[in-house]
Every structure is written in C-alpha cells, then in structure tokens.
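Student: Provided herewith is a single structure, encoded as structure tokens, for subsequent inquiry.
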Amino acid sequence: MIKGYKGFDKELKCRNFQYKTNDVFEEEGEIKACSKGFHFCENPLDVFNYYPPSDSRYCEVDGDGKIDKDNNDSKVACSKLHIHTEIGLKGIISAGVKFILDKVDWNNCKETNTGYLSAATNTGDRSAAIVEGKDSIAIITGYDSKAKGEIGCWIVLTERGEWNGQTYPILDVKAFKVDDDIIKSNTFYKLVNGKPIEVE
C-alpha cells in the first residue's frame with residue numbers, strides 16, 4: 001500500500017470519473033502510469049501539475065493492488081484506490097511542506113543550489129536560500145529568513161514569532177511555486193502574517 005494525494009475538479013471528478021470520499025475504487029486489467037488505472041501522487045506538490053489550486057479539490061488516498069510508477073514525477077497508477085477525507089488547499093500545502101522537510105538531509109544542506117531537482121536549505125536566523133536549477137526547492141526555517149528561485153521552482157517559507165526565552169516559535173510554514181505571476185523569479189520572499197512578502 002502506498003500513501004499519496006489526489007486532485008479533482010470542483011465536482012470531485014478526475015478525467016470525468018466520479019469519486020467519493022471514504023470510498024474504495026477498483027479496476028481490473030493491466031495498470032500503466034499515465035494511461036490505465038487510478039492515479040495519484042506521492043509528493044503532494046506534484047498534484048499541482050495536474051490540478052492547479054485555483055479550481056481544484058484535494059484528498060488523501062491509499063493506492064494498493066497492481067502498481068506502476070511514472071519516471072517523470074511521483075505519479076503512481078494503481079488498481080485499487082481508497083479515497084480518504086478531503087484536505088483542501090491548505091492541507092495539500094501543509095502535506096507538501098512536511099513531505100519536503102522529511103526528505104531533507106540536514107547534515108548536507110546548502111544555502112545555494114544550482115542543480116536540477118535540487119534543494120537549498122537554510123536553518124540559520126536571518127539567512128537566505130537560493131535555487132536556480134529546474135524543478136528545485138528553496139527551504140528556509142530560520143527567524144527572519146528569505147528565499148528565492150527561478151521560475152518553475154518552489155520556495156518554502158517559515159514565519160517565526162519573537163524570542164520567548166528559549167526559541168523563536170514557528171507561527172506558519174507555507175510553500176509557493178515561482179510562477180512570475182504571484183511569486184516572481186529571482187526575487188527574495190519572506191513570510192509575514194501568512195503571506196509572501198518581497199524583500200531585498
């Protein structure tokens with residue numbers, strides 16, 4: 001069984017197939033990623049490639065039975081799909097942030113990374129993370145820190161409160177895709193009151 005995330009249109013349909021939450025769907029025959037079977041993504045952020053946040057719905061799922069994986073991203077095709085509860089946009093973003101942070105090698109993090117499918121991480125206070133390679137991710141977790149990336153990359157921003165005697169407590173963590181619309185490329189951002197703000 002593989003845990004994952006699935007996107008749908010406003011009617012909870014995917015490719016004109018009607019789904020329901022808390023239900024199980026099965027399909028027989030050959031299963032092939034991108035062509036046959038029920039599809040979902042292991043990486044929550046990959047779901048945005050198929051169902052953008054503007055008009056989509058998102059659920060947690062479990063895939064079982066016959067399994068086939070796509071080589072391009074974390075897409076999985078399966079013969080048996082269990083649709084769990086609907087988690088919405090906030091839920092899919094939170095799951096995406098956790099998915100990324102769980103995979104970061106904190107012993108080998110870099111402030112700047114130019115490779116494809118790479119990650120730049122920074123845990124220091126008032127620090128910066130920069131990514132320039134295709135499909136890469138910049139993650140900041142320190143107080144008053146900032147991140148930027150090329151178009152198509154993702155930035156994960158952490159907002160922290162004031163010093164409480166022991167730490168700067170985490171107030172919020174959010175992920176954004178650099179699209180040159182809402183989030184500009186090659187522009188530093190920090191999270192303020194839950195929103196991405198341009199900074200020098």
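Within each chain, counting starts at residue 1; across the structure tokens, chains are named A, B, ... in the order shown, with ligands numbered 1 upward in that order.
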Show which residues sit within 7 Å of range 6-10 of chain A, as a PyMOL selection string. Count only C-alpha atoms, and ignore same-chain residues fewer than 5 positions away.

Tutor: chain A and resi 40-41+47+51+55-61

Student: Could you give me the residues within chain A that DSSP places in strand (DSSP E), as an MDAnalysis selection string?

Tutor: chainID A and resid 2:8 13:14 17:18 23:26 38:41 57:69 75:86 112:113 119:122 128:131 137:140 146:149 154:160 170:177 189:192 195:198

Student: Neighbours of range 144-161 of chain A within 6 Å (only C-alpha atoms; same-chain residues fewer than 3 positions away dropped), as a PyMOL selection string?

Tutor: chain A and resi 126-132+135-141+168-179+185-191

Student: Just how far from CA of Tyr5 in chain A is CA of Ile87 in chain A, in Å to one decimal?

Tutor: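 Interatomic distance, CA of Ile87 in chain A to CA of Tyr5 in chain A: 9.5 Å.
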
Student: Which neighbours of His82 in chain A fall inside 8 Å, counting only C-alpha atoms, when residues of the same chain fewer than 4 positions from it are skipped, and could you give them as a PDB file with N, CA and C atoms, in the first residue's frame?

Tutor:
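Listed below is the output, part19.pdb:
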ATOM      1  N   ASN A  22     -14.027   8.667   1.424  1.00  0.00           N
ATOM      2  CA  ASN A  22     -14.244   7.491   2.263  1.00  0.00           C
ATOM      3  C   ASN A  22     -14.830   6.317   1.484  1.00  0.00           C
ATOM      4  N   ASP A  23     -14.297   6.093   0.297  1.00  0.00           N
ATOM      5  CA  ASP A  23     -14.762   5.001  -0.551  1.00  0.00           C
ATOM      6  C   ASP A  23     -13.562   4.362  -1.254  1.00  0.00           C
ATOM      7  N   VAL A  24     -13.754   3.139  -1.748  1.00  0.00           N
ATOM      8  CA  VAL A  24     -12.696   2.387  -2.421  1.00  0.00           C
ATOM      9  C   VAL A  24     -13.120   2.101  -3.856  1.00  0.00           C
ATOM     10  N   PHE A  25     -12.193   2.293  -4.793  1.00  0.00           N
ATOM     11  CA  PHE A  25     -12.459   2.079  -6.219  1.00  0.00           C
ATOM     12  C   PHE A  25     -11.448   1.065  -6.759  1.00  0.00           C
ATOM     13  N   VAL A  61      -5.107   9.750  -0.118  1.00  0.00           N
ATOM     14  CA  VAL A  61      -5.504   8.462  -0.683  1.00  0.00           C
ATOM     15  C   VAL A  61      -4.493   7.379  -0.294  1.00  0.00           C
ATOM     16  N   ASP A  62      -4.913   6.119  -0.476  1.00  0.00           N
ATOM     17  CA  ASP A  62      -4.022   4.968  -0.389  1.00  0.00           C
ATOM     18  C   ASP A  62      -4.169   4.177  -1.676  1.00  0.00           C
ATOM     19  N   GLY A  63      -3.039   3.855  -2.307  1.00  0.00           N
ATOM     20  CA  GLY A  63      -3.047   3.036  -3.512  1.00  0.00           C
ATOM     21  C   GLY A  63      -2.608   1.620  -3.192  1.00  0.00           C
TER      22      GLY A  63
END

Student: From the options A:Asn49, A:Thr167, A:Ser74, A:Thr85, which residue's atoms come nearest to Lys20 in chain A, counting only C-alpha atoms?

Tutor: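 Between A:Asn49, A:Thr167, A:Ser74, A:Thr85, the residue approaching Lys20 in chain A most closely is A:Thr85.
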
Student: May I ask which of the residues A:Ala77, A:Phe38, A:Ile100, A:Tyr143 is the closest one to Lys13 in chain A, counting only C-alpha atoms?

Tutor: A:Phe38

Student: Rank nothing, just name the residue among A:Glu86, A:Glu198, A:Glu27, A:Asp73 nearest to Glu42 in chain A, using only C-alpha atoms.

Tutor: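 With only C-alpha atoms as the atom set, the closest residue is A:Asp73.
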
Student: Check the smallest atom-to-atom distance from each of A:Ser79, A:Gln18, A:Asn72, A:Gln166 to Lys32 in chain A using only C-alpha atoms, then report the winner.

Tutor: A:Ser79

Student: So what do you get for CA of Gly165 in chain A versus CA of Val192 in chain A, distance-wise?

Tutor: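 Between these atoms lies a distance of 21.5 Å.
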